[in-house]
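Visitor: Below is coords_14.cif; it holds mmCIF, C-alpha atoms.
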data_run
loop_
_atom_site.group_PDB
_atom_site.id
_atom_site.type_symbol
_atom_site.label_atom_id
_atom_site.label_comp_id
_atom_site.auth_asym_id
_atom_site.auth_seq_id
_atom_site.Cartn_x
_atom_site.Cartn_y
_atom_site.Cartn_z
ATOM 1 C CA MET A 29 0.000 0.000 0.000
ATOM 2 C CA ALA A 30 2.921 2.345 0.676
ATOM 3 C CA GLN A 31 4.151 1.714 -2.886
ATOM 4 C CA ALA A 32 0.670 2.468 -4.246
ATOM 5 C CA ARG A 33 0.419 5.704 -2.242
ATOM 6 C CA ARG A 34 3.835 6.861 -3.495
ATOM 7 C CA ALA A 35 2.940 6.027 -7.113
ATOM 8 C CA ALA A 36 -0.413 7.807 -6.730
ATOM 9 C CA ARG A 37 1.253 11.024 -5.545
ATOM 10 C CA LEU A 38 3.652 10.988 -8.486
ATOM 11 C CA LEU A 39 1.077 10.070 -11.127
ATOM 12 C CA ALA A 40 -1.410 12.634 -9.798
ATOM 13 C CA SER A 41 1.052 15.367 -10.725
ATOM 14 C CA LEU A 42 0.537 14.363 -14.385
ATOM 15 C CA LYS A 43 -3.091 15.493 -14.003
ATOM 16 C CA PRO A 44 -4.724 12.378 -15.425
ATOM 17 C CA ASP A 45 -8.120 12.715 -17.073
ATOM 18 C CA ALA A 46 -9.288 9.145 -16.484
ATOM 19 C CA ILE A 47 -8.418 5.970 -14.593
ATOM 20 C CA VAL A 48 -9.353 2.459 -15.705
ATOM 21 C CA ALA A 49 -8.308 -0.627 -13.760
ATOM 22 C CA SER A 50 -8.590 -4.361 -13.492
ATOM 23 C CA ASP A 51 -11.301 -5.418 -11.087
ATOM 24 C CA LEU A 52 -8.925 -7.762 -9.255
ATOM 25 C CA ARG A 53 -8.083 -6.606 -5.724
ATOM 26 C CA ARG A 54 -4.420 -5.534 -6.035
ATOM 27 C CA ALA A 55 -4.998 -3.430 -9.136
ATOM 28 C CA ALA A 56 -8.305 -2.061 -7.838
ATOM 29 C CA ASP A 57 -6.708 -1.069 -4.516
ATOM 30 C CA THR A 58 -3.791 0.578 -6.320
ATOM 31 C CA ALA A 59 -6.157 2.529 -8.574
ATOM 32 C CA ALA A 60 -8.160 3.598 -5.509
ATOM 33 C CA GLU A 61 -5.052 5.306 -4.111
ATOM 34 C CA LEU A 62 -4.766 7.427 -7.278
ATOM 35 C CA ALA A 63 -8.496 8.127 -7.225
ATOM 36 C CA ALA A 64 -8.231 9.358 -3.628
ATOM 37 C CA VAL A 65 -5.522 11.854 -4.600
ATOM 38 C CA THR A 66 -7.081 13.041 -7.873
ATOM 39 C CA GLY A 67 -10.788 12.823 -7.075
ATOM 40 C CA LEU A 68 -11.317 10.911 -10.324
ATOM 41 C CA PRO A 69 -13.566 7.859 -10.440
ATOM 42 C CA VAL A 70 -12.077 4.491 -11.356
ATOM 43 C CA GLU A 71 -13.755 2.443 -14.049
ATOM 44 C CA HIS A 72 -13.105 -1.262 -13.449
ATOM 45 C CA ASP A 73 -12.934 -3.684 -16.347
ATOM 46 C CA GLU A 74 -12.443 -7.437 -16.068
ATOM 47 C CA ALA A 75 -10.738 -7.408 -19.484
ATOM 48 C CA LEU A 76 -7.707 -5.885 -17.730
ATOM 49 C CA ARG A 77 -7.273 -8.906 -15.440
ATOM 50 C CA GLU A 78 -3.989 -10.799 -15.329
ATOM 51 C CA THR A 79 -3.390 -13.693 -17.689
ATOM 52 C CA TYR A 80 -5.325 -16.765 -16.629
ATOM 53 C CA ALA A 81 -2.712 -19.510 -16.230
ATOM 54 C CA GLY A 82 -5.036 -22.463 -15.674
ATOM 55 C CA GLU A 83 -3.418 -25.220 -13.602
ATOM 56 C CA TRP A 84 -0.357 -23.012 -13.067
ATOM 57 C CA GLN A 85 -2.421 -20.589 -10.962
ATOM 58 C CA GLY A 86 -1.098 -20.424 -7.393
ATOM 59 C CA LEU A 87 1.972 -22.579 -8.048
ATOM 60 C CA THR A 88 5.507 -21.459 -7.289
ATOM 61 C CA HIS A 89 8.104 -21.267 -10.054
ATOM 62 C CA ASP A 90 9.693 -24.510 -8.802
ATOM 63 C CA GLU A 91 6.336 -26.304 -8.742
ATOM 64 C CA ILE A 92 5.614 -25.206 -12.325
ATOM 65 C CA LEU A 93 9.007 -26.475 -13.467
ATOM 66 C CA ALA A 94 8.493 -29.804 -11.703
ATOM 67 C CA LYS A 95 4.963 -30.412 -13.033
ATOM 68 C CA TYR A 96 5.006 -28.602 -16.377
ATOM 69 C CA GLY A 97 8.685 -28.386 -17.332
ATOM 70 C CA GLU A 98 8.225 -29.035 -21.062
ATOM 71 C CA GLN A 99 5.321 -26.603 -21.322
ATOM 72 C CA TYR A 100 7.282 -23.970 -19.397
ATOM 73 C CA GLY A 101 10.301 -24.423 -21.687
ATOM 74 C CA ALA A 102 8.150 -24.024 -24.801
ATOM 75 C CA TRP A 103 6.586 -20.852 -23.376
ATOM 76 C CA LYS A 104 10.011 -19.370 -22.537
ATOM 77 C CA ARG A 105 11.178 -20.130 -26.102
ATOM 78 C CA GLY A 106 8.331 -17.954 -27.361
ATOM 79 C CA GLU A 107 6.005 -20.679 -28.536
ATOM 80 C CA PRO A 108 2.277 -19.952 -28.156
ATOM 81 C CA VAL A 109 1.449 -21.966 -25.034
ATOM 82 C CA ARG A 110 -1.732 -22.200 -22.995
ATOM 83 C CA ARG A 111 0.096 -22.275 -19.693
ATOM 84 C CA GLY A 112 -1.704 -24.792 -17.530
ATOM 85 C CA GLY A 113 -4.540 -24.796 -20.049
ATOM 86 C CA GLY A 114 -5.098 -21.063 -19.585
ATOM 87 C CA GLU A 115 -4.963 -18.122 -21.965
ATOM 88 C CA LEU A 116 -2.541 -17.464 -24.772
ATOM 89 C CA GLU A 117 -0.710 -14.145 -24.483
ATOM 90 C CA THR A 118 -2.346 -13.038 -27.726
ATOM 91 C CA GLU A 119 -5.776 -13.678 -26.184
ATOM 92 C CA VAL A 120 -4.855 -11.435 -23.251
ATOM 93 C CA ALA A 121 -3.890 -8.677 -25.690
ATOM 94 C CA ASP A 122 -7.107 -9.317 -27.664
ATOM 95 C CA ARG A 123 -9.203 -8.534 -24.578
ATOM 96 C CA ALA A 124 -7.115 -5.794 -22.947
ATOM 97 C CA ALA A 125 -5.840 -3.619 -25.818
ATOM 98 C CA PRO A 126 -9.342 -2.644 -27.039
ATOM 99 C CA VAL A 127 -10.216 -1.446 -23.523
ATOM 100 C CA VAL A 128 -7.170 0.808 -23.435
ATOM 101 C CA LEU A 129 -7.861 2.133 -26.934
ATOM 102 C CA SER A 130 -11.520 2.770 -26.138
ATOM 103 C CA HIS A 131 -10.643 4.806 -23.051
ATOM 104 C CA ALA A 132 -7.843 6.654 -24.862
ATOM 105 C CA GLU A 133 -10.254 7.683 -27.636
ATOM 106 C CA ARG A 134 -12.511 9.363 -25.065
ATOM 107 C CA LEU A 135 -9.744 11.583 -23.669
ATOM 108 C CA PRO A 136 -9.617 15.285 -24.408
ATOM 109 C CA ALA A 137 -6.844 16.362 -26.779
ATOM 110 C CA GLY A 138 -3.521 15.897 -25.014
ATOM 111 C CA GLY A 139 -5.263 13.990 -22.192
ATOM 112 C CA THR A 140 -3.767 11.379 -19.904
ATOM 113 C CA LEU A 141 -5.205 7.949 -19.182
ATOM 114 C CA VAL A 142 -3.900 5.834 -16.307
ATOM 115 C CA VAL A 143 -4.428 2.100 -16.744
ATOM 116 C CA VAL A 144 -3.902 -0.016 -13.628
ATOM 117 C CA SER A 145 -3.459 -3.683 -14.408
ATOM 118 C CA HIS A 146 -1.033 -6.590 -14.003
ATOM 119 C CA GLY A 147 2.451 -7.257 -15.385
ATOM 120 C CA GLY A 148 1.596 -9.850 -18.021
ATOM 121 C CA THR A 149 -1.469 -7.985 -19.204
ATOM 122 C CA ILE A 150 0.444 -4.719 -19.395
ATOM 123 C CA ARG A 151 3.310 -6.293 -21.352
ATOM 124 C CA THR A 152 1.023 -7.972 -23.898
ATOM 125 C CA THR A 153 -1.100 -4.839 -24.294
ATOM 126 C CA ILE A 154 1.945 -2.653 -24.867
ATOM 127 C CA GLY A 155 3.269 -5.164 -27.395
ATOM 128 C CA ARG A 156 -0.032 -5.127 -29.254
ATOM 129 C CA LEU A 157 -0.314 -1.316 -29.218
ATOM 130 C CA LEU A 158 3.234 -0.990 -30.534
ATOM 131 C CA GLY A 159 2.484 -3.460 -33.328
ATOM 132 C CA LEU A 160 5.183 -5.894 -32.219
ATOM 133 C CA ASP A 161 4.989 -9.537 -33.201
ATOM 134 C CA ALA A 162 3.890 -11.561 -30.141
ATOM 135 C CA TYR A 163 7.228 -13.407 -30.118
ATOM 136 C CA TYR A 164 8.959 -10.161 -29.072
ATOM 137 C CA TRP A 165 6.593 -9.121 -26.258
ATOM 138 C CA GLU A 166 8.774 -10.863 -23.663
ATOM 139 C CA GLY A 167 11.563 -8.477 -24.678
ATOM 140 C CA LEU A 168 9.686 -5.644 -22.996
ATOM 141 C CA GLY A 169 10.510 -7.158 -19.609
ATOM 142 C CA GLY A 170 8.428 -7.100 -16.492
ATOM 143 C CA LEU A 171 7.227 -4.334 -14.225
ATOM 144 C CA SER A 172 8.168 -3.882 -10.592
ATOM 145 C CA ASN A 173 5.315 -3.337 -8.133
ATOM 146 C CA CYS A 174 3.667 0.065 -8.580
ATOM 147 C CA CYS A 175 5.909 1.050 -11.472
ATOM 148 C CA TRP A 176 4.560 2.085 -14.842
ATOM 149 C CA SER A 177 5.103 2.453 -18.545
ATOM 150 C CA VAL A 178 4.420 5.604 -20.524
ATOM 151 C CA LEU A 179 3.060 5.409 -24.038
ATOM 152 C CA GLY A 180 2.420 8.355 -26.286
ATOM 153 C CA GLU A 181 1.282 8.900 -29.807
ATOM 154 C CA GLY A 182 4.088 9.398 -32.290
ATOM 155 C CA ALA A 183 4.116 10.173 -35.989
ATOM 156 C CA ARG A 184 3.733 6.453 -36.827
ATOM 157 C CA GLY A 185 1.441 5.330 -34.011
ATOM 158 C CA TRP A 186 2.003 4.454 -30.389
ATOM 159 C CA ARG A 187 5.498 4.667 -28.989
ATOM 160 C CA LEU A 188 6.966 3.452 -25.723
ATOM 161 C CA MET A 189 8.451 6.452 -23.969
ATOM 162 C CA GLU A 190 9.306 4.825 -20.617
ATOM 163 C CA HIS A 191 9.064 1.321 -19.173
ATOM 164 C CA ASN A 192 9.239 0.082 -15.577
ATOM 165 C CA ALA A 193 9.466 3.689 -14.426
ATOM 166 C CA GLY A 194 9.181 4.803 -10.849
ATOM 167 C CA THR A 195 9.839 8.480 -11.434
ATOM 168 C CA LEU A 196 8.018 11.123 -13.431
ATOM 169 C CA PRO A 197 8.612 11.139 -17.183
ATOM 170 C CA GLU A 198 10.755 13.883 -18.608
ATOM 171 C CA PRO A 199 10.373 15.268 -22.114
ATOM 172 C CA VAL A 200 12.639 13.727 -24.714
ATOM 173 C CA LEU A 201 13.437 15.541 -27.910
ATOM 174 C CA GLY A 202 12.611 13.300 -30.809
ATOM 175 C CA ASP A 203 12.684 13.367 -34.560
ATOM 176 C CA ASP A 204 8.887 13.428 -34.884
ATOM 177 C CA ASP A 205 8.060 16.554 -32.881
#
Can you give me the file's structure in the form of C-alpha cells?
Guide:
Amino acid sequence: MAQARRAARLLASLKPDAIVASDLRRAADTAAELAAVTGLPVEHDEALRETYAGEWQGLTHDEILAKYGEQYGAWKRGEPVRRGGGELETEVADRAAPVVLSHAERLPAGGTLVVVSHGGTIRTTIGRLLGLDAYYWEGLGGLSNCCWSVLGEGARGWRLMEHNAGTLPEPVLGDDD
C-alpha cells in the first residue's frame, strides 16, 4: 500500500483525465489510491485482469518447473502456449488492448489515461499497441510493483516512452516533434 500511495502522488502530478483498472483486488486497490488523490472515479474492467494460467495458478516457479517443465520451456522459447490450459498471451492482448484504446479515444486532446493492471497484461497490451509480433513481447521485460510504462502517440502510431518507471517522465526531444 505504501508503494501504491507513493505512485499515486507521483502520477497525480501528471493530471490524469481518467483511470481504468482491473477489477482484481491488487490493481483495484492501487487505482483507488490514485483516485483518492485526484478525485477521479475508477472504471473497473475485467478485461484488464492478469493472464489466466489455468493449472499453473497459485503454483511457485519450482512447482511449475516440476509439473510442467516441457510446457514452461516451450513458453520461454516464445512458442504460443496455454500455460496450464489457460490463456494465450495473444488472447490477453485481444481482450485488454481494445479497452485501453476505447478509453484513450474518449480523452480530451492531449489527455492522460492511467491504466492499472497486471504485469503480463500490461506487457502484452503494450506489445499489441506498438504493433510488435507476439514473439517479441517478452523483450519488454516485467514491471516492478507500482511502477509504470508511458506510451504516447508518435508520428507512426504508439510509442513506448518509458518502461518500468518509478519516477516522473521527462520530455525527450525526438525526430517526430
Visitor: If we count all atoms listed in the file and set the cut-off at 7 Å, which residues sit around region 103-114 of chain A, ignoring sequence neighbours fewer than 4 positions away in its own chain? Please answer as a list in words.
Guide: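 So, after excluding close chain neighbours, the residues are Tyr80, Ala81, Gly82, Glu83, Trp84, Gln99 and Tyr163 of chain A.
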Visitor: So that I can see what lies close to Ala59 (chain A), please list as a PDB file with C-alpha atoms, keeping the file's coordinate frame the residues with an atom at most 9 Å from it, counting all atoms listed in the file and leaving out residues fewer than 2 positions away in the same chain.
Guide:
ATOM      1  CA  ALA A  32       0.670   2.468  -4.246  1.00  0.00           C
ATOM      2  CA  ALA A  36      -0.413   7.807  -6.730  1.00  0.00           C
ATOM      3  CA  ILE A  47      -8.418   5.970 -14.593  1.00  0.00           C
ATOM      4  CA  VAL A  48      -9.353   2.459 -15.705  1.00  0.00           C
ATOM      5  CA  ALA A  49      -8.308  -0.627 -13.760  1.00  0.00           C
ATOM      6  CA  SER A  50      -8.590  -4.361 -13.492  1.00  0.00           C
ATOM      7  CA  ARG A  54      -4.420  -5.534  -6.035  1.00  0.00           C
ATOM      8  CA  ALA A  55      -4.998  -3.430  -9.136  1.00  0.00           C
ATOM      9  CA  ALA A  56      -8.305  -2.061  -7.838  1.00  0.00           C
ATOM     10  CA  ASP A  57      -6.708  -1.069  -4.516  1.00  0.00           C
ATOM     11  CA  GLU A  61      -5.052   5.306  -4.111  1.00  0.00           C
ATOM     12  CA  LEU A  62      -4.766   7.427  -7.278  1.00  0.00           C
ATOM     13  CA  ALA A  63      -8.496   8.127  -7.225  1.00  0.00           C
ATOM     14  CA  ALA A  64      -8.231   9.358  -3.628  1.00  0.00           C
ATOM     15  CA  VAL A  70     -12.077   4.491 -11.356  1.00  0.00           C
ATOM     16  CA  VAL A 142      -3.900   5.834 -16.307  1.00  0.00           C
ATOM     17  CA  VAL A 143      -4.428   2.100 -16.744  1.00  0.00           C
ATOM     18  CA  VAL A 144      -3.902  -0.016 -13.628  1.00  0.00           C
ATOM     19  CA  SER A 145      -3.459  -3.683 -14.408  1.00  0.00           C
TER      20      SER A 145
END
Visitor: Hey, can you check how far CA of Gly167 (chain A) sits from CA of Ile154 (chain A)?
Guide: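 So the two atoms, CA of Gly167 (chain A) and CA of Ile154 (chain A), lie 11.2 Å apart.
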Visitor: On this structure, the PyMOL selection byres ((chain A and resi 189-198) around 9) would catch which residues? List them as a ChimeraX atom specification, sorted by chain and number.
Guide: /A:35,38-39,41-42,168-172,174-180,187-188,199-200
Visitor: Write the selection just made, keeping C-alpha atoms, as a PDB file, in the coordinates of the input?
Guide:
ATOM      1  CA  ALA A  35       2.940   6.027  -7.113  1.00  0.00           C
ATOM      2  CA  LEU A  38       3.652  10.988  -8.486  1.00  0.00           C
ATOM      3  CA  LEU A  39       1.077  10.070 -11.127  1.00  0.00           C
ATOM      4  CA  SER A  41       1.052  15.367 -10.725  1.00  0.00           C
ATOM      5  CA  LEU A  42       0.537  14.363 -14.385  1.00  0.00           C
ATOM      6  CA  LEU A 168       9.686  -5.644 -22.996  1.00  0.00           C
ATOM      7  CA  GLY A 169      10.510  -7.158 -19.609  1.00  0.00           C
ATOM      8  CA  GLY A 170       8.428  -7.100 -16.492  1.00  0.00           C
ATOM      9  CA  LEU A 171       7.227  -4.334 -14.225  1.00  0.00           C
ATOM     10  CA  SER A 172       8.168  -3.882 -10.592  1.00  0.00           C
ATOM     11  CA  CYS A 174       3.667   0.065  -8.580  1.00  0.00           C
ATOM     12  CA  CYS A 175       5.909   1.050 -11.472  1.00  0.00           C
ATOM     13  CA  TRP A 176       4.560   2.085 -14.842  1.00  0.00           C
ATOM     14  CA  SER A 177       5.103   2.453 -18.545  1.00  0.00           C
ATOM     15  CA  VAL A 178       4.420   5.604 -20.524  1.00  0.00           C
ATOM     16  CA  LEU A 179       3.060   5.409 -24.038  1.00  0.00           C
ATOM     17  CA  GLY A 180       2.420   8.355 -26.286  1.00  0.00           C
ATOM     18  CA  ARG A 187       5.498   4.667 -28.989  1.00  0.00           C
ATOM     19  CA  LEU A 188       6.966   3.452 -25.723  1.00  0.00           C
ATOM     20  CA  PRO A 199      10.373  15.268 -22.114  1.00  0.00           C
ATOM     21  CA  VAL A 200      12.639  13.727 -24.714  1.00  0.00           C
TER      22      VAL A 200
END
Visitor: Check the smallest atom-to-atom distance from each of A:Leu68, A:Arg53, A:Glu78, A:Gln31 to Leu141 (chain A) using only C-alpha atoms, then report the winner.
Guide: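 For Leu141 (chain A), the nearest of the candidates is A:Leu68.
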Visitor: Run the PyMOL selection byres ((chain A and resi 140) around 8) on the file and write out the hits as number ranges by chain.
Guide: A: 42-46, 132, 135, 138-139, 141-142
Visitor: Write out the residues from the selection above, keeping C-alpha atoms, as a PDB file, keeping the file's coordinate frame.
Guide:
ATOM      1  CA  LEU A  42       0.537  14.363 -14.385  1.00  0.00           C
ATOM      2  CA  LYS A  43      -3.091  15.493 -14.003  1.00  0.00           C
ATOM      3  CA  PRO A  44      -4.724  12.378 -15.425  1.00  0.00           C
ATOM      4  CA  ASP A  45      -8.120  12.715 -17.073  1.00  0.00           C
ATOM      5  CA  ALA A  46      -9.288   9.145 -16.484  1.00  0.00           C
ATOM      6  CA  ALA A 132      -7.843   6.654 -24.862  1.00  0.00           C
ATOM      7  CA  LEU A 135      -9.744  11.583 -23.669  1.00  0.00           C
ATOM      8  CA  GLY A 138      -3.521  15.897 -25.014  1.00  0.00           C
ATOM      9  CA  GLY A 139      -5.263  13.990 -22.192  1.00  0.00           C
ATOM     10  CA  LEU A 141      -5.205   7.949 -19.182  1.00  0.00           C
ATOM     11  CA  VAL A 142      -3.900   5.834 -16.307  1.00  0.00           C
TER      12      VAL A 142
END
Visitor: Compile the contact shell of Trp165 (chain A) as a JSON list (two decimals) with C-alpha atoms, keeping the file's coordinate frame: residues with an atom at most 10 Å away, counting all atoms listed in the file, same-chain residues fewer than 3 positions apart removed.
Guide:
[["chain", "number", "residue", "atom", "x", "y", "z"],
["A", 106, "GLY", "CA", 8.33, -17.95, -27.36],
["A", 117, "GLU", "CA", -0.71, -14.14, -24.48],
["A", 118, "THR", "CA", -2.35, -13.04, -27.73],
["A", 148, "GLY", "CA", 1.60, -9.85, -18.02],
["A", 151, "ARG", "CA", 3.31, -6.29, -21.35],
["A", 152, "THR", "CA", 1.02, -7.97, -23.90],
["A", 153, "THR", "CA", -1.10, -4.84, -24.29],
["A", 154, "ILE", "CA", 1.94, -2.65, -24.87],
["A", 155, "GLY", "CA", 3.27, -5.16, -27.40],
["A", 156, "ARG", "CA", -0.03, -5.13, -29.25],
["A", 158, "LEU", "CA", 3.23, -0.99, -30.53],
["A", 159, "GLY", "CA", 2.48, -3.46, -33.33],
["A", 160, "LEU", "CA", 5.18, -5.89, -32.22],
["A", 161, "ASP", "CA", 4.99, -9.54, -33.20],
["A", 162, "ALA", "CA", 3.89, -11.56, -30.14],
["A", 168, "LEU", "CA", 9.69, -5.64, -23.00],
["A", 169, "GLY", "CA", 10.51, -7.16, -19.61]]
Visitor: Rounded to one decimal in Å, what is the spacing between CA of Asp51 (chain A) and CA of Trp186 (chain A)?
Guide: 25.4 Å
Visitor: Given the choices A:Ala40, A:Lys95, A:Gly147, A:Ala137, which gets closest to Thr66 (chain A) if the distance is worked out from all atoms listed in the file?
Guide: A:Ala40
Visitor: Using Å and a single decimal, report how far CA of Thr149 (chain A) sits from CA of Thr88 (chain A).
Guide: 19.3 Å
Visitor: Which residue is closest to Asp73 (chain A)? Choose from A:Met29, A:Leu129, A:Leu52, A:Leu116 and count all atoms listed in the file.
Guide: A:Leu52
